[in-house]
Every structure is written in C-alpha cells, then in structure tokens.
>>> print(open('model-v6.cif').read())   # mmCIF, C-alpha atoms
data_final
#
loop_
_atom_site.label_atom_id
_atom_site.label_comp_id
_atom_site.auth_asym_id
_atom_site.auth_seq_id
_atom_site.Cartn_x
_atom_site.Cartn_y
_atom_site.Cartn_z
CA MET I 1 -6.06 -35.02 -4.43
CA GLU I 2 -6.35 -31.27 -3.92
CA SER I 3 -3.47 -29.71 -2.00
CA HIS I 4 -3.86 -27.52 1.07
CA LEU I 5 -2.79 -24.46 -0.93
CA ASP I 6 -5.25 -25.21 -3.75
CA ARG I 7 -8.04 -25.46 -1.16
CA LEU I 8 -6.86 -22.21 0.40
CA ARG I 9 -6.75 -20.42 -2.97
CA ARG I 10 -10.27 -21.60 -3.75
CA GLU I 11 -11.56 -20.56 -0.34
CA LEU I 12 -9.99 -17.09 -0.51
CA GLU I 13 -11.27 -16.55 -4.05
CA ASP I 14 -14.76 -17.58 -2.95
CA ALA I 15 -14.61 -15.35 0.14
CA ILE I 16 -13.67 -12.19 -1.78
CA ASN I 17 -15.49 -12.88 -5.05
CA GLY I 18 -17.95 -10.10 -5.74
CA ALA I 19 -16.84 -8.01 -2.74
CA SER I 20 -17.09 -4.27 -3.30
CA SER I 21 -14.59 -1.70 -2.06
CA THR I 22 -17.03 -0.96 0.75
CA ASP I 23 -17.12 -4.66 1.65
CA LEU I 24 -13.32 -4.76 1.76
CA SER I 25 -13.29 -1.80 4.16
CA ARG I 26 -15.95 -3.08 6.60
CA ALA I 27 -14.92 -4.36 10.03
CA PRO I 28 -16.10 -4.56 13.61
CA VAL I 29 -14.75 -1.77 15.82
CA GLY I 30 -11.12 -2.41 16.74
CA LYS I 31 -10.70 -5.29 14.27
CA TRP I 32 -9.03 -5.53 10.87
CA ASN I 33 -11.18 -5.05 7.81
CA THR I 34 -11.09 -7.51 4.90
CA ALA I 35 -8.42 -5.54 3.00
CA GLN I 36 -6.22 -5.58 6.11
CA ILE I 37 -6.76 -9.33 6.55
CA LEU I 38 -5.80 -9.87 2.91
CA GLU I 39 -2.70 -7.71 3.38
CA HIS I 40 -1.76 -9.67 6.51
CA LEU I 41 -2.08 -12.96 4.61
CA LEU I 42 -0.10 -11.51 1.71
CA LEU I 43 2.67 -10.46 4.11
CA THR I 44 2.81 -13.97 5.57
CA TYR I 45 3.12 -15.44 2.07
CA GLN I 46 5.84 -12.94 1.14
CA ASN I 47 7.72 -13.68 4.36
CA THR I 48 7.55 -17.43 3.73
CA ASN I 49 8.64 -16.88 0.12
CA ARG I 50 11.70 -14.92 1.26
CA GLY I 51 12.71 -17.77 3.56
CA LEU I 52 12.15 -20.39 0.88
CA ALA I 53 14.13 -18.39 -1.69
CA LYS I 54 17.02 -18.06 0.76
CA CYS I 55 16.92 -21.80 1.44
CA LEU I 56 16.93 -22.63 -2.28
CA LYS I 57 19.68 -20.11 -3.03
CA GLN I 58 21.93 -21.55 -0.31
CA GLY I 59 21.11 -25.07 -1.45
CA ALA I 60 20.45 -26.27 2.07
CA PRO I 61 17.62 -26.28 4.62
CA LEU I 62 17.80 -23.43 7.14
CA ALA I 63 15.67 -25.01 9.87
CA THR I 64 16.95 -25.20 13.41
CA ALA I 65 16.42 -28.05 15.86
CA GLY I 66 12.88 -28.05 17.22
CA LYS I 67 12.10 -27.53 20.88
CA LEU I 68 9.36 -29.19 22.93
CA LYS I 69 7.16 -26.06 22.72
CA ASP I 70 7.48 -26.17 18.91
CA HIS I 71 6.25 -29.77 18.85
CA VAL I 72 3.27 -28.90 21.06
CA ALA I 73 2.36 -25.85 18.94
CA THR I 74 2.75 -27.88 15.75
CA LEU I 75 0.46 -30.58 17.15
CA LEU I 76 -2.24 -28.03 18.05
CA VAL I 77 -2.13 -26.08 14.79
CA LEU I 78 -1.17 -28.64 12.15
CA LYS I 79 -2.63 -31.87 13.50
CA LEU I 80 -5.72 -30.53 15.28
CA GLY I 81 -6.28 -27.48 13.03
CA TYR I 82 -6.55 -25.17 16.04
CA MET I 83 -5.60 -21.56 15.33
CA PRO I 84 -5.45 -19.65 18.62
CA GLY I 85 -7.39 -16.41 18.43
CA GLY I 86 -6.52 -13.08 19.93
CA ARG I 87 -2.78 -13.28 19.29
CA LYS I 88 -1.39 -10.01 17.97
CA ALA I 89 0.42 -10.41 14.65
CA PRO I 90 4.12 -9.56 14.63
CA GLU I 91 4.81 -6.04 13.36
CA ARG I 92 6.34 -7.26 10.09
CA LEU I 93 3.13 -9.19 9.35
CA SER I 94 0.71 -6.42 10.35
CA PRO I 95 -1.17 -4.43 7.68
CA ARG I 96 0.50 -1.21 6.57
CA GLY I 97 -2.30 0.36 4.57
CA MET I 98 -2.16 -1.36 1.19
CA LEU I 99 -4.98 -0.33 -1.14
CA PRO I 100 -7.82 -2.88 -0.98
CA GLU I 101 -7.72 -3.65 -4.70
CA GLU I 102 -3.96 -4.17 -4.62
CA ALA I 103 -4.33 -6.67 -1.78
CA ARG I 104 -7.10 -8.48 -3.67
CA GLN I 105 -5.09 -8.65 -6.89
CA THR I 106 -1.72 -9.72 -5.43
CA ILE I 107 -2.67 -12.32 -2.84
CA ILE I 108 -3.40 -15.27 -5.16
CA PRO I 109 -0.26 -14.87 -7.31
CA GLU I 110 1.86 -14.71 -4.13
CA LEU I 111 0.14 -17.82 -2.78
CA GLN I 112 0.88 -19.64 -6.06
CA LYS I 113 4.51 -18.49 -5.96
CA MET I 114 4.76 -19.97 -2.47
CA GLY I 115 3.29 -23.26 -3.66
CA SER I 116 5.92 -23.49 -6.40
CA ALA I 117 8.76 -22.68 -3.98
CA LEU I 118 7.52 -25.30 -1.51
CA ASP I 119 7.40 -27.85 -4.33
CA ASP I 120 10.99 -26.90 -5.31
CA CYS I 121 12.19 -27.30 -1.70
CA GLU I 122 10.47 -30.65 -1.40
CA ARG I 123 12.08 -31.93 -4.61
CA LYS I 124 15.49 -30.62 -3.59
CA PHE I 125 15.55 -31.60 0.11
CA GLY I 126 12.97 -34.38 0.44
CA THR I 127 9.52 -34.64 1.94
CA GLN I 128 10.65 -35.24 5.53
CA THR I 129 13.23 -32.45 5.74
CA LYS I 130 12.47 -29.43 7.92
CA ILE I 131 13.31 -26.52 5.61
CA ILE I 132 12.77 -23.25 7.46
CA ASP I 133 11.45 -22.17 10.84
CA HIS I 134 8.06 -20.69 11.55
CA LEU I 135 8.06 -17.90 14.12
CA PHE I 136 5.76 -19.75 16.55
CA LEU I 137 5.83 -23.37 15.33
CA GLY I 138 9.56 -23.83 14.80
CA PRO I 139 11.02 -25.94 11.98
CA LEU I 140 8.55 -27.22 9.37
CA THR I 141 8.66 -29.46 6.31
CA ALA I 142 7.21 -28.22 3.00
CA ASP I 143 3.99 -30.11 3.65
CA GLU I 144 3.76 -28.68 7.17
CA TRP I 145 4.15 -25.19 5.69
CA ARG I 146 1.27 -25.93 3.30
CA ARG I 147 -0.85 -27.17 6.19
CA PHE I 148 0.02 -24.15 8.33
CA HIS I 149 -0.98 -21.69 5.60
CA TRP I 150 -4.22 -23.63 5.05
CA VAL I 151 -5.17 -23.52 8.77
CA HIS I 152 -4.13 -19.85 9.09
CA GLY I 153 -5.81 -18.81 5.84
CA HIS I 154 -8.98 -20.76 6.59
CA HIS I 155 -9.18 -18.98 9.96
CA HIS I 156 -8.96 -15.60 8.22
CA ALA I 157 -11.28 -16.59 5.35
CA ARG I 158 -14.02 -17.16 7.94
CA GLN I 159 -13.41 -13.64 9.25
CA ILE I 160 -13.56 -12.26 5.71
CA ARG I 161 -16.89 -13.98 5.03
CA GLU I 162 -18.29 -12.58 8.29
CA ARG I 163 -17.20 -9.04 7.41
CA ILE I 164 -18.54 -9.25 3.86
CA GLY I 165 -21.75 -10.92 5.00
CA LYS I 166 -21.23 -14.30 3.32
CA SER I 167 -21.46 -16.35 6.53
#
>>> encode(input="model-v6.cif", output="structure tokens")
Amino acid sequence: MESHLDRLRRELEDAINGASSTDLSRAPVGKWNTAQILEHLLLTYQNTNRGLAKCLKQGAPLATAGKLKDHVATLLVLKLGYMPGGRKAPERLSPRGMLPEEARQTIIPELQKMGSALDDCERKFGTQTKIIDHLFLGPLTADEWRRFHWVHGHHHARQIRERIGKS
C-alpha cells in the first residue's frame, strides 16, 4: 500500500514536472506563486523535521495533552480531509524569497527526510504514541503527521496545478 507521503511526493512531482521558471512565478494578484507555495511546503517539512529530530534526540515523545479543540480540528483535517482555506500561514512558515529552482530541487529530499524521521519515531515510540504537537491540530502520531502533510500538500498541489495551467 502506498503511504500518504509517497502519494504526496508523486503528486508534487507531477504538479511541477515540466514547469518553467515563468510558470513557477505565475500567480493570481495577491496570492502566492508556485515557487512560494513550494517554499511554504518546504518550510513546513523542515519545521516538522526539527521537531522530530528533537524528539528522537531526547529519546521521548514531546507531545502535550490534547484539548477538545485539537480533537475537533484533527477530525476535520485528518478524518474528513478538510483543509480550511484563507488562513494566513504563521510567519515562520511563510515564503521568504527562495529562488524557484532551489525550492523545486529541495522539496522532495526534505519530504523524504521527514518520512524517514516519522518511520524512526514510529519504531521507537510505537504507532499509537503522540510524538510532537502541530501548531493548530495539537499532538499527533507519526501516521497522523503523514496524513496531515498529505492533506495540506494535496491542497497546495491543486493550487500549483491551477497556477501552472495543469488543472
């Protein structure tokens, strides 16, 4: 069975395959272009990777106790696949002006690094253990992290295809 992150990798590769530098820079007025979307996704993967590395280094999960709002958000995003639109990304996850080709070349290796770290956490702490917290969803297991990145990445891959004209 193909994992969520394998599906995401394939979808992102398909979305940006053959895109020119002009394609990567195209966007509706006031919206991120494809390069900025890729950089945003890359920043989310790097942020998750930092948390996973810290968890593995300390040898213990770093997740906090979930709150009711976390359970509701998790249900909407992870179980129903609903990614709310219009929410402004946190500053640390907002594009900073990375060159389009750099974003294109670094996103897949970072995604694969995250997949390996999630696998390591799952082996070390178990499949049901909440390992680290998500900013909006609260504590998540390794599989929930995979599902989150699939839903989030799929949402942005649709935007990329629209901007590049692959809809």
>>> closest_residue(input="model-v6.cif", among="I:His152, I:Lys166, I:His134, I:Arg146", to="Leu118 of chain I", atoms="all atoms listed in the file")
I:Arg146
>>> resolve_selection(input="model-v6.cif", expression="the PyMOL selection byres ((chain I and resi 4-9) around 8)", output="list in words")
Glu2, Ser3, Arg10, Glu11, Leu12, Glu13, Ile108, Leu111, Gln112, Gly115, Arg146, Arg147, His149, Trp150, Gly153 and His154 of chain I
>>> closest_residue(input="model-v6.cif", among="I:Lys54, I:Asn47, I:Ala19, I:Ala60", to="Phe125 of chain I", atoms="all atoms listed in the file")
I:Ala60
>>> closest_residue(input="model-v6.cif", among="I:Lys79, I:Arg123, I:Arg104, I:Lys57", to="Phe148 of chain I", atoms="only C-alpha atoms")
I:Lys79
>>> atom_distance(input="model-v6.cif", atom1="atom CA of Glu39 of chain I", atom2="atom CA of Arg87 of chain I")
16.9 Å
>>> atom_distance(input="model-v6.cif", atom1="atom CA of Gly81 of chain I", atom2="atom CA of Trp32 of chain I")
22.2 Å
>>> residues_near_point(input="model-v6.cif", point="(15.5, -19.0, 5.2)", cutoff="7 Å", atoms="all atoms listed in the file", output="VMD selection string")
chain I and resid 50 to 52 54 to 55 62 132
>>> residues_around(input="model-v6.cif", residues="Glu101 of chain I", least_positions_apart="3", cutoff="12 Å", atoms="all atoms listed in the file", output="PyMOL selection string")
chain I and resi 16+19-25+34-36+38-39+97-98+104-107
>>> build_atoms(input="model-v6.cif", residues="segment 140-166 of chain I", atoms="N, CA and C atoms", output="PDB file, keeping the file's coordinate frame")
ATOM      1  N   LEU I 140       9.632 -26.530  10.065  1.00  0.00           N
ATOM      2  CA  LEU I 140       8.550 -27.220   9.370  1.00  0.00           C
ATOM      3  C   LEU I 140       9.034 -27.789   8.037  1.00  0.00           C
ATOM      4  N   THR I 141       8.434 -28.905   7.639  1.00  0.00           N
ATOM      5  CA  THR I 141       8.660 -29.460   6.310  1.00  0.00           C
ATOM      6  C   THR I 141       7.817 -28.658   5.312  1.00  0.00           C
ATOM      7  N   ALA I 142       8.011 -28.902   4.025  1.00  0.00           N
ATOM      8  CA  ALA I 142       7.210 -28.220   3.000  1.00  0.00           C
ATOM      9  C   ALA I 142       5.725 -28.513   3.201  1.00  0.00           C
ATOM     10  N   ASP I 143       5.395 -29.776   3.461  1.00  0.00           N
ATOM     11  CA  ASP I 143       3.990 -30.110   3.650  1.00  0.00           C
ATOM     12  C   ASP I 143       3.418 -29.456   4.913  1.00  0.00           C
ATOM     13  N   GLU I 144       4.226 -29.365   5.951  1.00  0.00           N
ATOM     14  CA  GLU I 144       3.760 -28.680   7.170  1.00  0.00           C
ATOM     15  C   GLU I 144       3.537 -27.202   6.900  1.00  0.00           C
ATOM     16  N   TRP I 145       4.371 -26.599   6.067  1.00  0.00           N
ATOM     17  CA  TRP I 145       4.150 -25.190   5.690  1.00  0.00           C
ATOM     18  C   TRP I 145       2.835 -25.052   4.934  1.00  0.00           C
ATOM     19  N   ARG I 146       2.543 -25.978   4.027  1.00  0.00           N
ATOM     20  CA  ARG I 146       1.270 -25.930   3.300  1.00  0.00           C
ATOM     21  C   ARG I 146       0.097 -26.034   4.272  1.00  0.00           C
ATOM     22  N   ARG I 147       0.218 -26.968   5.198  1.00  0.00           N
ATOM     23  CA  ARG I 147      -0.850 -27.170   6.190  1.00  0.00           C
ATOM     24  C   ARG I 147      -1.014 -25.934   7.072  1.00  0.00           C
ATOM     25  N   PHE I 148       0.119 -25.357   7.521  1.00  0.00           N
ATOM     26  CA  PHE I 148       0.020 -24.150   8.330  1.00  0.00           C
ATOM     27  C   PHE I 148      -0.724 -23.048   7.581  1.00  0.00           C
ATOM     28  N   HIS I 149      -0.333 -22.776   6.345  1.00  0.00           N
ATOM     29  CA  HIS I 149      -0.980 -21.690   5.600  1.00  0.00           C
ATOM     30  C   HIS I 149      -2.444 -21.989   5.337  1.00  0.00           C
ATOM     31  N   TRP I 150      -2.799 -23.266   5.195  1.00  0.00           N
ATOM     32  CA  TRP I 150      -4.220 -23.630   5.050  1.00  0.00           C
ATOM     33  C   TRP I 150      -4.974 -23.299   6.341  1.00  0.00           C
ATOM     34  N   VAL I 151      -4.471 -23.751   7.489  1.00  0.00           N
ATOM     35  CA  VAL I 151      -5.170 -23.520   8.770  1.00  0.00           C
ATOM     36  C   VAL I 151      -5.265 -22.012   9.036  1.00  0.00           C
ATOM     37  N   HIS I 152      -4.164 -21.294   8.853  1.00  0.00           N
ATOM     38  CA  HIS I 152      -4.130 -19.850   9.090  1.00  0.00           C
ATOM     39  C   HIS I 152      -5.068 -19.123   8.122  1.00  0.00           C
ATOM     40  N   GLY I 153      -4.974 -19.461   6.845  1.00  0.00           N
ATOM     41  CA  GLY I 153      -5.810 -18.810   5.840  1.00  0.00           C
ATOM     42  C   GLY I 153      -7.279 -19.119   5.998  1.00  0.00           C
ATOM     43  N   HIS I 154      -7.589 -20.363   6.359  1.00  0.00           N
ATOM     44  CA  HIS I 154      -8.980 -20.760   6.590  1.00  0.00           C
ATOM     45  C   HIS I 154      -9.565 -19.954   7.753  1.00  0.00           C
ATOM     46  N   HIS I 155      -8.785 -19.795   8.799  1.00  0.00           N
ATOM     47  CA  HIS I 155      -9.180 -18.980   9.960  1.00  0.00           C
ATOM     48  C   HIS I 155      -9.555 -17.569   9.499  1.00  0.00           C
ATOM     49  N   HIS I 156      -8.698 -16.966   8.677  1.00  0.00           N
ATOM     50  CA  HIS I 156      -8.960 -15.600   8.220  1.00  0.00           C
ATOM     51  C   HIS I 156     -10.048 -15.538   7.154  1.00  0.00           C
ATOM     52  N   ALA I 157     -10.206 -16.574   6.342  1.00  0.00           N
ATOM     53  CA  ALA I 157     -11.280 -16.590   5.350  1.00  0.00           C
ATOM     54  C   ALA I 157     -12.645 -16.557   6.035  1.00  0.00           C
ATOM     55  N   ARG I 158     -12.765 -17.229   7.169  1.00  0.00           N
ATOM     56  CA  ARG I 158     -14.020 -17.160   7.940  1.00  0.00           C
ATOM     57  C   ARG I 158     -14.285 -15.731   8.384  1.00  0.00           C
ATOM     58  N   GLN I 159     -13.243 -15.036   8.844  1.00  0.00           N
ATOM     59  CA  GLN I 159     -13.410 -13.640   9.250  1.00  0.00           C
ATOM     60  C   GLN I 159     -13.829 -12.779   8.059  1.00  0.00           C
ATOM     61  N   ILE I 160     -13.225 -13.018   6.907  1.00  0.00           N
ATOM     62  CA  ILE I 160     -13.560 -12.260   5.710  1.00  0.00           C
ATOM     63  C   ILE I 160     -15.028 -12.467   5.354  1.00  0.00           C
ATOM     64  N   ARG I 161     -15.490 -13.706   5.341  1.00  0.00           N
ATOM     65  CA  ARG I 161     -16.890 -13.980   5.030  1.00  0.00           C
ATOM     66  C   ARG I 161     -17.827 -13.289   6.012  1.00  0.00           C
ATOM     67  N   GLU I 162     -17.462 -13.276   7.291  1.00  0.00           N
ATOM     68  CA  GLU I 162     -18.290 -12.580   8.290  1.00  0.00           C
ATOM     69  C   GLU I 162     -18.369 -11.087   7.984  1.00  0.00           C
ATOM     70  N   ARG I 163     -17.242 -10.478   7.654  1.00  0.00           N
ATOM     71  CA  ARG I 163     -17.200  -9.040   7.410  1.00  0.00           C
ATOM     72  C   ARG I 163     -17.955  -8.661   6.134  1.00  0.00           C
ATOM     73  N   ILE I 164     -17.882  -9.525   5.139  1.00  0.00           N
ATOM     74  CA  ILE I 164     -18.540  -9.250   3.860  1.00  0.00           C
ATOM     75  C   ILE I 164     -20.010  -9.647   3.902  1.00  0.00           C
ATOM     76  N   GLY I 165     -20.353 -10.479   4.866  1.00  0.00           N
ATOM     77  CA  GLY I 165     -21.750 -10.920   5.000  1.00  0.00           C
ATOM     78  C   GLY I 165     -22.054 -12.176   4.223  1.00  0.00           C
ATOM     79  N   LYS I 166     -21.049 -13.029   4.038  1.00  0.00           N
ATOM     80  CA  LYS I 166     -21.230 -14.300   3.320  1.00  0.00           C
ATOM     81  C   LYS I 166     -21.313 -15.486   4.272  1.00  0.00           C
TER      82      LYS I 166
END
